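J.: Contents of entry08.cif (mmCIF, C-alpha atoms) are given next:
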```cif
data_work
#
loop_
_atom_site.label_atom_id
_atom_site.label_comp_id
_atom_site.auth_asym_id
_atom_site.auth_seq_id
_atom_site.Cartn_x
_atom_site.Cartn_y
_atom_site.Cartn_z
CA MET A 1 -188.52 131.24 150.34
CA ASN A 2 -185.79 129.13 151.88
CA PHE A 3 -185.16 126.52 149.21
CA GLU A 4 -183.16 124.13 151.39
CA LYS A 5 -185.96 124.13 153.96
CA HIS A 6 -188.43 123.28 151.18
CA LEU A 7 -186.34 120.32 150.06
CA LYS A 8 -185.89 119.13 153.65
CA ASN A 9 -189.67 119.19 154.13
CA GLN A 10 -190.16 117.25 150.90
CA ILE A 11 -187.71 114.59 152.11
CA LEU A 12 -189.54 114.33 155.45
CA PHE A 13 -192.87 113.89 153.65
CA ALA A 14 -191.32 111.25 151.38
CA ILE A 15 -190.00 109.31 154.39
CA ALA A 16 -193.39 109.51 156.11
CA TYR A 17 -195.11 108.19 152.95
CA LEU A 18 -192.57 105.39 152.70
CA VAL A 19 -193.07 104.41 156.35
CA ILE A 20 -196.88 104.34 156.02
CA GLY A 21 -196.65 102.38 152.76
CA THR A 22 -194.19 99.90 154.24
CA ILE A 23 -196.35 99.31 157.32
CA ALA A 24 -199.37 98.79 155.07
CA LEU A 25 -197.39 96.39 152.86
CA ILE A 26 -196.20 94.35 155.84
CA THR A 27 -199.74 94.22 157.22
CA LEU A 28 -201.08 93.21 153.80
CA VAL A 29 -198.53 90.41 153.44
CA ILE A 30 -199.21 89.11 156.97
CA LEU A 31 -202.95 89.11 156.37
CA LEU A 32 -202.58 87.42 152.98
CA VAL A 33 -200.30 84.71 154.38
CA SER A 34 -202.57 84.04 157.35
CA GLY A 35 -205.66 84.02 155.14
CA ASN A 36 -207.54 86.45 157.42
CA ILE A 37 -208.23 89.09 154.80
CA GLU A 38 -211.61 89.93 153.35
CA GLY A 39 -212.67 92.15 150.47
CA LYS A 40 -212.71 95.50 152.22
CA LEU A 41 -209.46 94.95 154.13
CA LEU A 42 -207.72 93.86 150.95
CA GLY A 43 -208.87 97.05 149.24
CA ILE A 44 -207.87 99.27 152.15
CA PHE A 45 -204.39 97.86 152.70
CA GLY A 46 -203.79 97.43 148.98
CA GLY A 47 -204.76 101.05 148.38
CA LEU A 48 -202.56 102.29 151.21
CA THR A 49 -199.63 100.19 150.01
CA PHE A 50 -199.86 101.02 146.33
CA GLY A 51 -200.69 104.65 147.02
CA PHE A 52 -198.10 105.61 149.62
CA LEU A 53 -195.07 103.55 148.53
CA PRO A 54 -194.86 104.87 144.94
CA LEU A 55 -195.65 108.38 146.17
CA GLY A 56 -192.76 108.30 148.64
CA ILE A 57 -190.34 106.83 146.11
CA LEU A 58 -191.27 109.30 143.39
CA LEU A 59 -191.08 112.21 145.81
CA LEU A 60 -187.51 111.22 146.71
CA VAL A 61 -186.66 110.94 143.00
CA ASP A 62 -188.18 114.39 142.44
CA VAL A 63 -186.12 115.92 145.26
CA TYR A 64 -182.98 114.39 143.77
CA ARG A 65 -183.84 115.81 140.32
CA ILE A 66 -184.53 119.25 141.76
CA LYS A 67 -181.20 119.33 143.63
CA ARG A 68 -179.32 118.59 140.41
CA ASN A 69 -181.23 121.00 138.14
CA PRO A 70 -180.96 124.77 138.82
CA ALA A 71 -183.69 125.56 136.27
CA MET A 72 -186.21 123.52 138.28
CA GLN A 73 -185.13 125.35 141.44
CA LYS A 74 -185.88 128.70 139.77
CA GLN A 75 -189.26 127.38 138.57
CA ILE A 76 -190.20 126.36 142.14
CA GLU A 77 -189.18 129.78 143.46
CA LEU A 78 -191.36 131.48 140.82
CA LYS A 79 -194.28 129.20 141.70
CA ASN A 80 -194.13 130.44 145.27
CA GLU A 81 -194.20 134.17 144.53
CA GLU A 82 -196.60 136.26 146.60
CA ARG A 83 -199.05 136.87 143.72
CA ASN A 84 -199.29 133.19 142.83
CA ILE A 85 -199.86 132.22 146.45
CA PHE A 86 -202.59 134.88 146.70
CA LEU A 87 -204.28 133.59 143.53
CA ARG A 88 -204.23 129.97 144.70
CA ASP A 89 -205.56 130.88 148.16
CA LYS A 90 -208.33 133.13 146.83
CA SER A 91 -209.39 130.57 144.22
CA GLY A 92 -209.40 127.79 146.80
CA ASN A 93 -211.55 129.86 149.15
CA GLN A 94 -214.03 130.69 146.41
CA ALA A 95 -214.22 127.08 145.23
CA PHE A 96 -214.74 125.90 148.81
CA SER A 97 -217.56 128.40 149.31
CA LEU A 98 -219.22 127.29 146.08
CA MET A 99 -218.88 123.62 147.02
CA THR A 100 -220.36 124.29 150.47
CA CYS A 101 -223.40 125.85 148.81
CA LEU A 102 -223.66 122.94 146.35
CA ILE A 103 -223.43 120.34 149.10
CA PHE A 104 -226.05 122.17 151.14
CA GLY A 105 -228.27 122.40 148.06
CA PHE A 106 -227.89 118.69 147.30
CA TRP A 107 -228.66 117.92 150.94
CA LEU A 108 -231.88 119.95 150.76
CA LEU A 109 -232.74 118.26 147.48
CA SER A 110 -232.14 114.84 149.01
CA LEU A 111 -234.80 115.59 151.64
CA TRP A 112 -237.41 115.56 148.88
CA VAL A 113 -235.84 113.25 146.30
CA ASN A 114 -233.84 110.10 146.95
CA ILE A 115 -230.41 110.83 145.44
CA ALA A 116 -227.87 108.02 145.24
CA SER A 117 -224.60 109.04 146.89
CA SER A 118 -222.68 106.91 144.40
CA LEU A 119 -223.76 109.39 141.73
CA LEU A 120 -223.46 112.47 143.88
CA PHE A 121 -219.85 112.15 145.05
CA PRO A 122 -218.21 111.97 141.58
CA ILE A 123 -220.32 114.93 140.47
CA LEU A 124 -219.22 116.98 143.48
CA LEU A 125 -215.59 115.99 143.03
CA GLY A 126 -215.65 116.99 139.38
CA ALA A 127 -217.45 120.24 140.19
CA MET A 128 -214.85 121.05 142.84
CA SER A 129 -211.98 120.64 140.37
CA VAL A 130 -213.71 122.58 137.62
CA SER A 131 -214.71 125.40 139.98
CA TYR A 132 -211.18 125.73 141.40
CA PHE A 133 -209.55 126.01 137.99
CA THR A 134 -212.30 128.34 136.75
CA PHE A 135 -211.82 130.66 139.71
CA LEU A 136 -208.04 130.45 139.25
CA GLY A 137 -208.36 131.60 135.64
CA LEU A 138 -210.79 134.39 136.52
CA ASN A 139 -208.64 135.64 139.39
CA ALA A 140 -205.48 135.53 137.28
CA ARG A 141 -207.13 137.92 134.81
CA LYS A 142 -208.57 140.11 137.54
CA TYR A 143 -205.45 140.54 139.69
#
```
Could you write out this file's structure as structure tokens?
T.:
Amino acid sequence: MNFEKHLKNQILFAIAYLVIGTIALITLVILLVSGNIEGKLLGIFGGLTFGFLPLGILLLVDVYRIKRNPAMQKQIELKNEERNIFLRDKSGNQAFSLMTCLIFGFWLLSLWVNIASSLLFPILLGAMSVSYFTFLGLNARKY
């Protein structure tokens, strides 16, 4: 793995996050000053602003810390070994397959029973996380 290329990509992502967050912040301020903002727009632009700006800033701070700390560089190189990449990919594929079956099953169930999507989405999100980490643990033992 080319470590300098990795850091350069991280800096590009951080700049992109900062640009999106700044545009959302400017739009939010303009809409607030003009008084043309409603509930949903406030939530959308507020979420974009307070999601992307801190992410971009913290990503730049992380890149700076990594450049100054050789131990963190070694840890990133170990994280991207071939076996670890294989385990993450295989676990992700298995979790995706399981979630596809669950979503299809919930869809079939919703044809007969009225299921509220406000209850269904958090359940599916939690199941996706749990299934990924379960498959990751099982595959780590197996391979």
J.: Using the chain letters and numbers from the file, which residues does the PyMOL selection byres ((chain A and resi 46) around 12) grab, as a ChimeraX atom specification?
T.: /A:21-29,31-32,37-45,47-53
J.: Which of these residues is nearest to A:Val61, using all atoms listed in the file: A:Met128, A:Ile15, A:Leu102, A:Ser91?
T.: A:Ile15
J.: Evaluate the PyMOL selection byres ((chain A and resi 143) around 10) here and jot the selected residues down as a list in words.
T.: Arg83, Phe86, Leu87, Leu138, Asn139, Ala140, Arg141 and Lys142 of chain A
J.: A:Met99: which residues within 10 Å, counting only C-alpha atoms, same-chain residues fewer than 3 positions away excluded, as a list in words?
T.: Asn93, Gln94, Ala95, Phe96, Leu102, Ile103, Phe104, Gly105, Leu124, Leu125, Ala127, Met128, Ser131 and Tyr132 of chain A
J.: Expressed in Å to a single decimal, how great is the separation between atom CA of A:Val113 and atom CA of A:Cys101?
T.: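 Atom CA of A:Cys101 lies 17.9 Å from atom CA of A:Val113.
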J.: Distance atom CA of A:Leu136-atom CA of A:Leu120, one decimal place?
T.: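 Atom-to-atom, atom CA of A:Leu136 to atom CA of A:Leu120, that is 24.1 Å.
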J.: To one decimal place, how far is atom CA of A:Arg88 from atom CA of A:Gly56 in Å?
T.: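 It comes out at 24.8 Å.
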J.: With distances taken over only C-alpha atoms, which of A:Ile20, A:Ile76, A:Leu7, A:Leu119 is nearest to A:Phe106?
T.: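 With only C-alpha atoms as the atom set, the closest residue is A:Leu119.
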J.: If you apply the PyMOL selection byres ((chain A and resi 2) around 12) to this file, what residues do you get, as a VMD selection string?
T.: chain A and resid 1 3 to 9 73 76 to 77 80
J.: May I ask which of the residues A:Asp89, A:Leu108, A:Pro70, A:Ala116 is the closest one to A:Phe133, counting all atoms listed in the file?
T.: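 The shortest atom-to-atom distance to A:Phe133 comes from A:Asp89.
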J.: Would you list the residues near (-196.7, 110.5, 148.3) (no more than 9 Å away, in the coordinates of the file, using all atoms listed in the file) as an MDAnalysis selection string?
T.: chainID A and resid 13:14 16:18 51:59
